[in-house]
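Have a look at the structure below, then the notes.
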Amino acid sequence: MSGVDRDVPTGLGTLRVRVTGTGPAMLLWPSLLMDHALWAGQITHFSGRFTTVAVDPPGHGASTPLDRPFTFGECAQAMLRILDTLEIDRAHIVGNSWGAMIGTTFGALYPERVLTAVLMNGTASPAGTRQRLEYGALLALAHVLGGFRGPLVPAALSAFLGPETMRTRPEVVEQVRRTVRANDIGSAAHAVRSVVVRRPDQRELAASIRRPTLVVGGRQDATFPPAEVEGMARAIPGAELAFLEDAAHLVALEVPDAVNALIDDFLRRHTPHS
């Protein structure tokens with residue numbers, strides 16, 4: 001099913017969204033350095049029953065470049081603006097990494113707009129010293145190289161993809177490599193600083209979430225290992241937790257069928273008419 005691209009003005013620039021299908025809304029926000037294409041497997045699977053709204057997040061894909069850092073609250077406001085512009089009252093919120101963190105923020109601040117939330121490969125904790133230093137160094141190197149080039153591409157692949165995907169899913173590896181390289185370094189730097197280096201502690205905020213929530217992790221994720229994902233699930237009252245054994249940080253792209261099955265089961269139990 002082919003989608004329609006919409007440009008939505010927000011406080012973080014104009015965001016491009018791909019709208020596909022009909023039915024209850026499902027808003028999909030990807031990881032850092034990724035665009036709406038991360039969700040191709042979910043759009044194909046769900047758009048026959050849902051209106052899927054796949055986002056190019058601020059400064060990524062066909063959205064306008066970032067010219068400053070941002071807060072998670074501003075991202076949640078941008079998500080709200082997307083729903084308002086598309087005249088969507090409530091949506092299932094599906095996010096990966098950055099998207100999972102913004103899903104947490106949005107679920108806490110705007111619960112009346114959330115049907116359910118599926119938060120994949122995320123955390124509710126602030127970045128540790130090692131992660132802040134590592135990503136700061138990577139950004140400095142990216143500026144020297146003029147973008148995500150040379151050794152930065154393998155570094156991104158190892159942060160995003162596990163050994164199973166690297167060994168057996170060459171089309172996924174190529175898509176991630178291509179998408180990472182396409183990023184504007186200026187926009188990406190603002191996003192990485194905002195999402196990684198300056199990431200807030202959201203555990204207290206997460207404790208206020210009352211909508212049905214599924215937290216998903218990839219067992220091979222080197223960026224947010226299982227203990228980090230488990231901590232996120234513990235912070236959200238009543239959250240369900242599931243791990244996928246043969247995937248890492250981009251589970252929706254690595255093992256789309258398994259992710260779709262998890263979401264289907266979750267929605268059947270929490271929205272009987274889905």
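Simple scheme: letters A, B, ... for chains in structure tokens order, numbers from 1 for residues in each chain, numbers from 1 for ligands in the order shown.
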For Thr213 (chain A): contacts at 12 Å, only C-alpha atoms, fewer than 6 positions along chain excluded, given as a PDB file with C-alpha atoms, in the first residue's frame:
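Final output, saved to around_16.pdb:
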```pdb
ATOM      1  CA  HIS A  92      -0.783   3.882  19.338  1.00  0.00           C
ATOM      2  CA  ILE A  93       2.742   5.229  19.914  1.00  0.00           C
ATOM      3  CA  VAL A  94       5.563   3.026  18.605  1.00  0.00           C
ATOM      4  CA  GLY A  95       9.146   4.180  19.057  1.00  0.00           C
ATOM      5  CA  ALA A 100      11.009   5.051  22.743  1.00  0.00           C
ATOM      6  CA  GLY A 103       7.152   7.851  23.596  1.00  0.00           C
ATOM      7  CA  THR A 104       7.821   7.852  27.332  1.00  0.00           C
ATOM      8  CA  GLY A 107       2.810   9.153  27.353  1.00  0.00           C
ATOM      9  CA  ALA A 108       3.501  10.979  30.598  1.00  0.00           C
ATOM     10  CA  PRO A 111      -1.904  10.520  28.251  1.00  0.00           C
ATOM     11  CA  VAL A 114      -2.288   7.704  23.769  1.00  0.00           C
ATOM     12  CA  LEU A 115      -4.062   4.405  23.092  1.00  0.00           C
ATOM     13  CA  THR A 116      -1.074   2.170  23.841  1.00  0.00           C
ATOM     14  CA  ALA A 117       2.718   2.470  23.664  1.00  0.00           C
ATOM     15  CA  VAL A 118       5.342   0.091  22.292  1.00  0.00           C
ATOM     16  CA  LEU A 119       8.801   1.271  23.337  1.00  0.00           C
ATOM     17  CA  MET A 120      11.698  -0.582  21.722  1.00  0.00           C
ATOM     18  CA  ALA A 206       7.842   7.271  33.454  1.00  0.00           C
ATOM     19  CA  ALA A 207       6.313   6.357  36.809  1.00  0.00           C
ATOM     20  CA  MET A 232      12.948   1.187  31.578  1.00  0.00           C
ATOM     21  CA  ALA A 233      10.204  -1.407  31.963  1.00  0.00           C
ATOM     22  CA  ARG A 234      10.458  -1.297  35.751  1.00  0.00           C
ATOM     23  CA  ALA A 235      10.045   2.484  35.699  1.00  0.00           C
ATOM     24  CA  ILE A 236       6.653   2.263  33.908  1.00  0.00           C
ATOM     25  CA  PRO A 237       3.827   0.896  36.077  1.00  0.00           C
ATOM     26  CA  GLY A 238       2.418  -2.326  34.656  1.00  0.00           C
ATOM     27  CA  ALA A 239       4.675  -2.350  31.600  1.00  0.00           C
ATOM     28  CA  GLU A 240       5.143  -5.648  29.819  1.00  0.00           C
ATOM     29  CA  LEU A 241       8.666  -6.667  28.799  1.00  0.00           C
ATOM     30  CA  ALA A 242       9.815  -8.825  25.890  1.00  0.00           C
ATOM     31  CA  ILE A 263       2.712  -5.842  18.625  1.00  0.00           C
ATOM     32  CA  PHE A 266      -0.165  -6.806  22.628  1.00  0.00           C
ATOM     33  CA  LEU A 267      -2.836  -4.886  20.732  1.00  0.00           C
ATOM     34  CA  ARG A 269      -5.067  -7.986  24.479  1.00  0.00           C
ATOM     35  CA  HIS A 270      -5.361  -4.245  25.089  1.00  0.00           C
TER      36      HIS A 270
END
```
Taking the chain letters and numbering used in this document, name the residues of region 42-164 of chain A that DSSP puts in alpha helix (DSSP H), as a PyMOL selection string. chain A and resi 42-46+72-85+98-109+129-145+152-160+163-164
Fewer than 5 positions away in the same chain doesn't count, so skip those; otherwise give me all residues within 8 Å of Gly11 (chain A), counting only C-alpha atoms, as a VMD selection string. chain A and resid 74 77 to 78
Between CA of Ala124 (chain A) and CA of Thr223 (chain A), distance in Å (one decimal): 13.4 Å
Give the strand (DSSP E) residues of region 59-131 of chain A, as DSSP finds them on the backbone, and put them as JSON, numbers by chain. {"A": [91, 92, 93, 94, 95, 96, 114, 115, 116, 117, 118, 119, 120]}
Suppose we keep N, CA, C and O atoms; can you now write the selection as a tab-separated table (two decimals), in the first residue's frame?
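Writing done, so here's result.tsv:
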```tsv
chain	number	residue	atom	x	y	z
A	91	ALA	N	-3.56	7.88	19.42
A	91	ALA	CA	-2.76	6.99	18.58
A	91	ALA	C	-2.04	5.95	19.43
A	91	ALA	O	-1.78	6.16	20.62
A	92	HIS	N	-1.75	4.83	18.80
A	92	HIS	CA	-0.78	3.88	19.34
A	92	HIS	C	0.60	4.47	19.05
A	92	HIS	O	0.92	4.77	17.89
A	93	ILE	N	1.41	4.64	20.07
A	93	ILE	CA	2.74	5.23	19.91
A	93	ILE	C	3.77	4.11	19.86
A	93	ILE	O	3.87	3.29	20.79
A	94	VAL	N	4.53	4.05	18.78
A	94	VAL	CA	5.56	3.03	18.60
A	94	VAL	C	6.89	3.75	18.37
A	94	VAL	O	6.99	4.56	17.43
A	95	GLY	N	7.88	3.48	19.20
A	95	GLY	CA	9.15	4.18	19.06
A	95	GLY	C	10.33	3.26	19.25
A	95	GLY	O	10.27	2.29	20.01
A	96	ASN	N	11.41	3.58	18.55
A	96	ASN	CA	12.66	2.84	18.70
A	96	ASN	C	13.75	3.78	19.22
A	96	ASN	O	14.01	4.82	18.61
A	114	VAL	N	-2.97	8.99	23.96
A	114	VAL	CA	-2.29	7.70	23.77
A	114	VAL	C	-3.28	6.55	23.94
A	114	VAL	O	-4.00	6.48	24.95
A	115	LEU	N	-3.31	5.65	22.96
A	115	LEU	CA	-4.06	4.41	23.09
A	115	LEU	C	-3.21	3.36	23.81
A	115	LEU	O	-3.58	2.85	24.86
A	116	THR	N	-2.07	3.05	23.23
A	116	THR	CA	-1.07	2.17	23.84
A	116	THR	C	0.30	2.68	23.43
A	116	THR	O	0.42	3.55	22.56
A	117	ALA	N	1.35	2.12	24.05
A	117	ALA	CA	2.72	2.47	23.66
A	117	ALA	C	3.56	1.21	23.54
A	117	ALA	O	3.47	0.32	24.39
A	118	VAL	N	4.35	1.16	22.48
A	118	VAL	CA	5.34	0.09	22.29
A	118	VAL	C	6.70	0.78	22.20
A	118	VAL	O	6.97	1.51	21.24
A	119	LEU	N	7.53	0.55	23.20
A	119	LEU	CA	8.80	1.27	23.34
A	119	LEU	C	9.94	0.27	23.17
A	119	LEU	O	10.15	-0.59	24.01
A	120	MET	N	10.68	0.40	22.08
A	120	MET	CA	11.70	-0.58	21.72
A	120	MET	C	13.11	-0.01	21.88
A	120	MET	O	13.36	1.14	21.48
```
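The shortest atom-to-atom distance to Ser187 (chain A), with only C-alpha atoms taken into account, belongs to A:Gly61 out of A:Gly231, A:Pro154, A:Gly61, A:Pro200.
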Can you tell me which residues surround region 26-34 of chain A at a distance of at most 7 Å, considering only C-alpha atoms, apart from same-chain residues fewer than 4 positions away, and format the answer as a list in words? Leu38, Phe50, Thr51, Thr52, Val53, Ala54, Val55, Pro57, His60, Ala91, His92, Ile93, Val94, Gly95, Asn96, Ser97, Trp98, Gly99, Thr179, Val180, Asn183 and Ala188 of chain A
Using all heavy atoms, can you write the selected residues to a file as a compact mmCIF listing (two decimals), in the first residue's frame?
```txt
# COMPACT_ATOMS: atom_id res chain seq x y z
N LEU A 38 12.86 2.95 8.52
CA LEU A 38 13.09 1.92 9.55
C LEU A 38 11.84 1.07 9.74
O LEU A 38 11.93 -0.11 10.08
CB LEU A 38 13.46 2.60 10.87
CG LEU A 38 13.66 1.66 12.07
CD1 LEU A 38 15.03 1.00 11.99
CD2 LEU A 38 13.52 2.41 13.39
N PHE A 50 -4.62 -0.16 10.20
CA PHE A 50 -4.30 1.06 10.94
C PHE A 50 -3.87 2.15 9.97
O PHE A 50 -3.40 1.87 8.86
CB PHE A 50 -3.15 0.81 11.93
CG PHE A 50 -3.48 -0.16 13.04
CD1 PHE A 50 -3.31 -1.53 12.85
CD2 PHE A 50 -3.95 0.29 14.26
CE1 PHE A 50 -3.62 -2.42 13.85
CE2 PHE A 50 -4.25 -0.60 15.28
CZ PHE A 50 -4.09 -1.95 15.08
N THR A 51 -4.01 3.39 10.42
CA THR A 51 -3.37 4.51 9.72
C THR A 51 -1.98 4.65 10.31
O THR A 51 -1.82 5.13 11.43
CB THR A 51 -4.15 5.81 9.92
OG1 THR A 51 -5.48 5.66 9.43
CG2 THR A 51 -3.47 6.96 9.20
N THR A 52 -0.97 4.18 9.58
CA THR A 52 0.40 4.30 10.08
C THR A 52 0.96 5.67 9.71
O THR A 52 0.81 6.13 8.58
CB THR A 52 1.31 3.19 9.53
OG1 THR A 52 1.36 3.28 8.10
CG2 THR A 52 0.79 1.81 9.94
N VAL A 53 1.58 6.32 10.69
CA VAL A 53 2.18 7.63 10.51
C VAL A 53 3.66 7.49 10.88
O VAL A 53 4.03 7.49 12.05
CB VAL A 53 1.50 8.69 11.40
CG1 VAL A 53 2.12 10.06 11.18
CG2 VAL A 53 -0.01 8.72 11.15
N ALA A 54 4.50 7.30 9.86
CA ALA A 54 5.93 7.06 10.07
C ALA A 54 6.69 8.38 9.92
O ALA A 54 6.59 9.04 8.89
CB ALA A 54 6.46 6.02 9.09
N VAL A 55 7.45 8.73 10.94
CA VAL A 55 8.04 10.06 11.06
C VAL A 55 9.50 10.07 10.64
O VAL A 55 10.28 9.18 11.02
CB VAL A 55 7.93 10.54 12.53
CG1 VAL A 55 8.53 11.94 12.70
CG2 VAL A 55 6.49 10.51 13.01
N PRO A 57 12.23 12.08 11.94
CA PRO A 57 12.31 12.94 13.12
C PRO A 57 13.11 14.20 12.85
O PRO A 57 13.73 14.35 11.78
CB PRO A 57 12.99 12.04 14.16
CG PRO A 57 13.76 11.05 13.36
CD PRO A 57 13.00 10.84 12.09
N HIS A 60 16.27 14.79 10.38
CA HIS A 60 16.56 13.52 9.71
C HIS A 60 15.69 13.36 8.47
O HIS A 60 14.60 13.92 8.38
CB HIS A 60 16.30 12.35 10.67
CG HIS A 60 17.28 12.23 11.79
ND1 HIS A 60 17.43 13.21 12.75
CD2 HIS A 60 18.16 11.25 12.11
CE1 HIS A 60 18.36 12.83 13.62
NE2 HIS A 60 18.81 11.65 13.25
N ALA A 91 -3.56 7.88 19.42
CA ALA A 91 -2.76 6.99 18.58
C ALA A 91 -2.04 5.95 19.43
O ALA A 91 -1.78 6.16 20.62
CB ALA A 91 -1.73 7.79 17.78
N HIS A 92 -1.75 4.83 18.80
CA HIS A 92 -0.78 3.88 19.34
C HIS A 92 0.60 4.47 19.05
O HIS A 92 0.92 4.77 17.89
CB HIS A 92 -0.93 2.52 18.67
CG HIS A 92 -2.28 1.90 18.85
ND1 HIS A 92 -2.68 1.30 20.01
CD2 HIS A 92 -3.34 1.80 17.99
CE1 HIS A 92 -3.90 0.85 19.89
NE2 HIS A 92 -4.34 1.13 18.67
N ILE A 93 1.41 4.64 20.07
CA ILE A 93 2.74 5.23 19.91
C ILE A 93 3.77 4.11 19.86
O ILE A 93 3.87 3.29 20.79
CB ILE A 93 3.07 6.18 21.07
CG1 ILE A 93 1.97 7.26 21.22
CG2 ILE A 93 4.44 6.82 20.87
CD1 ILE A 93 1.78 8.15 20.02
N VAL A 94 4.53 4.05 18.78
CA VAL A 94 5.56 3.03 18.60
C VAL A 94 6.89 3.75 18.37
O VAL A 94 6.99 4.56 17.43
CB VAL A 94 5.23 2.10 17.42
CG1 VAL A 94 6.30 1.01 17.29
CG2 VAL A 94 3.84 1.47 17.60
N GLY A 95 7.88 3.48 19.20
CA GLY A 95 9.15 4.18 19.06
C GLY A 95 10.33 3.26 19.25
O GLY A 95 10.27 2.29 20.01
N ASN A 96 11.41 3.58 18.55
CA ASN A 96 12.66 2.84 18.70
C ASN A 96 13.75 3.78 19.22
O ASN A 96 14.01 4.82 18.61
CB ASN A 96 13.12 2.26 17.36
CG ASN A 96 14.34 1.36 17.51
OD1 ASN A 96 14.21 0.15 17.66
ND2 ASN A 96 15.54 1.94 17.51
N SER A 97 14.36 3.44 20.34
CA SER A 97 15.46 4.20 20.93
C SER A 97 15.05 5.65 21.20
O SER A 97 14.31 5.91 22.14
CB SER A 97 16.71 4.08 20.05
OG SER A 97 17.84 4.59 20.71
N TRP A 98 15.48 6.61 20.36
CA TRP A 98 15.00 7.98 20.51
C TRP A 98 13.47 7.99 20.56
O TRP A 98 12.86 8.65 21.41
CB TRP A 98 15.53 8.80 19.34
CG TRP A 98 15.14 10.25 19.28
CD1 TRP A 98 14.52 11.00 20.25
CD2 TRP A 98 15.36 11.13 18.17
NE1 TRP A 98 14.35 12.29 19.81
CE2 TRP A 98 14.85 12.40 18.53
CE3 TRP A 98 15.94 10.97 16.91
CZ2 TRP A 98 14.90 13.50 17.68
CZ3 TRP A 98 15.99 12.06 16.06
CH2 TRP A 98 15.48 13.32 16.44
N GLY A 99 12.85 7.25 19.65
CA GLY A 99 11.40 7.18 19.62
C GLY A 99 10.80 6.60 20.89
O GLY A 99 9.73 7.02 21.33
N THR A 179 21.58 4.84 5.21
CA THR A 179 20.84 5.87 5.94
C THR A 179 21.76 6.67 6.86
O THR A 179 21.66 7.90 6.95
CB THR A 179 19.70 5.24 6.76
OG1 THR A 179 18.90 4.41 5.91
CG2 THR A 179 18.81 6.30 7.38
N VAL A 180 22.69 5.99 7.51
CA VAL A 180 23.64 6.68 8.39
C VAL A 180 24.48 7.67 7.58
O VAL A 180 24.65 8.83 7.97
CB VAL A 180 24.54 5.66 9.12
CG1 VAL A 180 25.75 6.35 9.75
CG2 VAL A 180 23.74 4.93 10.19
N ASN A 183 23.04 11.24 6.58
CA ASN A 183 22.74 12.26 7.58
C ASN A 183 23.59 13.51 7.39
O ASN A 183 24.79 13.44 7.12
CB ASN A 183 22.97 11.69 8.98
CG ASN A 183 21.79 10.91 9.49
OD1 ASN A 183 20.81 11.47 9.97
ND2 ASN A 183 21.88 9.59 9.38
N ALA A 188 22.70 16.02 12.72
CA ALA A 188 22.96 14.82 13.52
C ALA A 188 23.67 15.16 14.82
O ALA A 188 23.38 14.58 15.88
CB ALA A 188 23.78 13.82 12.72
```
